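Chemist: This structure is in structure tokens; I'll ask about it shortly.
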Amino acid sequence: MPCPTTDLIHHPYVPPAEFAAPQPGVFKASTVIFPNVAAMRSREWRDKSGYTYGLHGTPTTFILEERLAAIEGGLQCLLVPSGLAAIANVALSLLRSGDEVLIPDNAYGPNKTLARGELQAWGIRHRFYDPMDPADLAAQIGEHTRLVWLEAPGSVTLEFPDLVEQVRTCRARGVTTALDNTWGAGLAFDPFDLGTLDAPLAVDISVHALTKYPSGGGDVLMGSIVTRDDALHQRLKMTHMRLGLGVGANDAEVLLRSLPSMSLRYRAHDASARALARWCQGRPEFVQVLHPALAGSPGHAHWAALCARGEPERPGRAAGLFSVVIDPRYTQAQVDAFCDALRLFKLGYSWGGPMSLVVPYELAQMRVRWPAHLQRGTLVRFSAGLEDVADLQADLEQALVAAFAA
Ligand SMILES: *Cc1c(COP(=O)(O)O)cnc(C)c1O
């Protein structure tokens with residue numbers, strides 16, 4: 001069977017008659033004209049069999065949804081204006097007053113902020129569980145738990161959980177699972193194929209910040225919600241419709257243009273991040289380097305089992321992110337000076353574009369408790385872009401000398 005990247009490039013598209021260009025057209029519309037009242041009444045957008053209004057989909061968004069679902073191994077997809085909107089759409093669809101949602105303590109920060117803000121104000125409770133202790137997740141699932149968020153690896157600290165065990169636990173308790181799959185991008189592992197032939201296992205929902213690798217340019221904000229269950233998809237879709245979450249045709253066009261090269265870019269980001277993370281391991285300024293593909297990094301065995309499975313001779317896949325814990329003997333001012341001294345790594349949020357980025361984090365304020373597997377110190381996260389890796393390494397080295405040479 002061809003690999004998903006090949007399928008993606010050859011995904012069926014029917015151009016207008018005698019205009020056999022392989023790239024899909026960019027259709028823009030609010031209004032769609034119907035030939036008569038009967039057509040207006042009978043046309044159905046929910047199953048993509050027809051077009052009724054721009055907000056409910058265009059040929060451009062439908063084809064992008066199909067391709068994204070295929071990459072992640074799903075069957076249905078919804079597009080939303082950002083990765084965070086995807087998280088919010090899932091929460092607003094599935095949670096009611098009195099319900100409870102469980103979120104890993106290392107989740108993407110704004111997911112936790114949403115739980116503490118709107119969800120709490122609407123009577124929806126939340127708990128943060130220890131992502132590295134499946135027993136803690138099992139213990140926290142209660143009779144009101146309706147949704148469990150999963151993230152592999154965690155944001156910023158990049159520890160890789162036992163995702164398979166977590167999903168199994170939630171399945172056994174009948175609780176819906178939603179994975180934030182932005183890091184894996186549908187390339188590092190298959191969220192809907194986590195089990196074996198004899199014992200299939202899948203998450204219920206995979207959300208993805210298309211802002212990152214699918215866009216690849218640092219110029220588009222978009223999110224997706226992929227499922228394999230039609231009833232669940234319809235539920236999410238009705239919330240999506242009631243909230244009016246449309247995406248722009250030009251943004252969809254950029255995504256369609258970028259997707260075929262995503263797998264190549266992902267590999268390049270991966271190779272650079274691993275090389276730089278290994279180099280950082282040899283530096284005395286860092287007491288810990290966090291990258292799930294490095295032996296000794298928290299959750300490395302879980303990463304290896306999931307992301308390098310079936311290909312022992314190959315290195316497995318990982319995104320272009322790594323973090324370092326800077327020795328606590330250095331002051332915050334020195335750490336700030338290190339980040340300021342970087343020339344190629346720019347200070348900025350998000351990741352997935354061609355430019356390397358760096359963000360210093362105050363971890364103590366981001367976690368319920370300091371994770372036992374993390375050394376004490378100041379955490380700095382890097383996103384390796386597509387620059388030459390030797391240039392990136394030289395940049396790290398000059399900034400370390402500038403900031404820490406006493
Ligand atoms: C960036 C990111 C998001 C949010 O995406 P936006 O499009 O910026 O809203 C969600 N989850 C993870 C893990 C992310 O890295």
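Every chain in the structure tokens has a letter given in the order shown (A, B, ...), and although residue numbers restart at 1 in each chain, ligands are simply numbered from 1 in the order shown.
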Listing only residues of segment 121-208 of chain A within 10 Å of segment 345-362 of chain A, what is the closest atom pair and its distance in Å (to one decimal) for each, using only C-alpha atoms, sorted by chain and residue number ascending, as JSON lines?

Modeler:
```
{"residue": "A:Val156", "atom": "CA", "partner": "A:Tyr361", "partner_atom": "CA", "distance": 8.2}
{"residue": "A:Thr157", "atom": "CA", "partner": "A:Tyr361", "partner_atom": "CA", "distance": 9.9}
{"residue": "A:Thr182", "atom": "CA", "partner": "A:Gly352", "partner_atom": "CA", "distance": 9.9}
{"residue": "A:Trp183", "atom": "CA", "partner": "A:Gly352", "partner_atom": "CA", "distance": 9.5}
```

Chemist: Hey, what's within 12 Å of Thr169 of chain A if we count only C-alpha atoms and toss same-chain stuff fewer than 3 positions away? As a list in words, please?

Modeler: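 Returned residues: Asp133, Pro134, Ala135, Asp136, Leu137, Ala138, Ala139, Gln140, Ile141, Val148, Leu150, Asp162, Leu163, Val164, Glu165, Gln166, Ala172, Arg173, Gly174, Val175, Thr176, Thr177, Leu201, Ala202 and Val203 of chain A.
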
Chemist: Which residues, written as a ChimeraX atom specification, have at least one atom at most 12 Å from Val401 of chain A, with only C-alpha atoms counted and residues fewer than 6 positions away on the same chain left out?

Modeler: /A:283-285,334-335,337-339,341-342,394-395

Chemist: List the neighbours of segment 292-305 of chain A out to 9 Å using only C-alpha atoms; skip same-chain residues closer than 2 positions along the sequence, and give me the result as a list in words.

Modeler: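 Contacts, with the query itself left out: Met132, Ala152, Pro153, Leu158, Glu159, Phe160, Pro161, Asp162, Leu163, Val164, Arg274, Ala277, Arg278, Gln288, Val289, Leu290, Cys307, Ala308, Arg309, Gly310, Pro315, Gly316, Arg317, Ala318, Phe322, His373 and Leu374 of chain A.
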
Chemist: Residues within 8 Å of ligand 1 should be enumerated using only C-alpha atoms and all ligand atoms and returned as a count of residues only.

Modeler: 28

Chemist: Per DSSP on the backbone, filter segment 55-298 of chain A down to the residues in strand (DSSP E) and report them as a PyMOL selection string.

Modeler: chain A and resi 76-80+100-104+125-129+145-151+176-180+205-209+223-227+286-290

Chemist: Point out the residue among A:Gly117, A:Gly98, A:Gly73, A:Gly186 with the least atom-to-atom distance to Arg146 of chain A, counting only C-alpha atoms.

Modeler: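 Among the listed residues, the smallest separation from Arg146 of chain A belongs to A:Gly98.
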
Chemist: I want to know what sits within 6 Å of segment 44-55 of chain A, based on only C-alpha atoms, with residues of the same chain fewer than 6 positions away left out; could you give that as a list in words?

Modeler: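 In the requested format, the answer is Ala29, Ser30, Thr31, Val32 and Gly246 of chain A.
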
Chemist: Give me the residues near Tyr330 of chain A as a list in words, where near means some atom within 12 Å (using only C-alpha atoms) and where sequence neighbours in that chain fewer than 5 positions away do not count.

Modeler: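 Listed by chain and then number, they are Pro284, Glu285, Phe286, Val287, Val325, Val335, Asp336, Ala337, Phe338, Arg376, Gly377, Thr378, Leu379, Leu400, Ala403, Phe404, Ala405 and Ala406 of chain A.
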
Chemist: So the first atom is atom CA of Leu187 of chain A and the second is atom CA of Val207 of chain A; what is the distance between them in Å, to one decimal place?

Modeler: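 Atom-to-atom, atom CA of Leu187 of chain A and atom CA of Val207 of chain A are spaced 13.8 Å apart.
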
Chemist: Can you list, as a compact mmCIF listing (two decimals) with C-alpha atoms, in the first residue's frame, every protein, DNA or RNA residue that comes within 9 Å of Thr60 of chain A when you count only C-alpha atoms, leaving out same-chain residues fewer than 4 positions away?

Modeler:
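The new file part_37.txt reads:
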```txt
# COMPACT_ATOMS: atom_id res chain seq x y z
CA PRO A 24 -7.53 22.07 -6.23
CA GLY A 25 -9.31 25.32 -6.98
CA VAL A 26 -9.75 27.97 -4.31
CA PHE A 27 -13.47 28.62 -3.94
CA LYS A 28 -14.69 31.60 -1.95
CA LEU A 64 -8.71 19.76 2.75
CA GLU A 65 -10.79 17.97 5.40
CA ALA A 249 -10.41 30.00 1.64
CA ALA A 252 -7.22 26.51 3.25
CA GLU A 253 -5.29 27.06 0.02
CA LEU A 256 -3.41 22.36 0.57
```
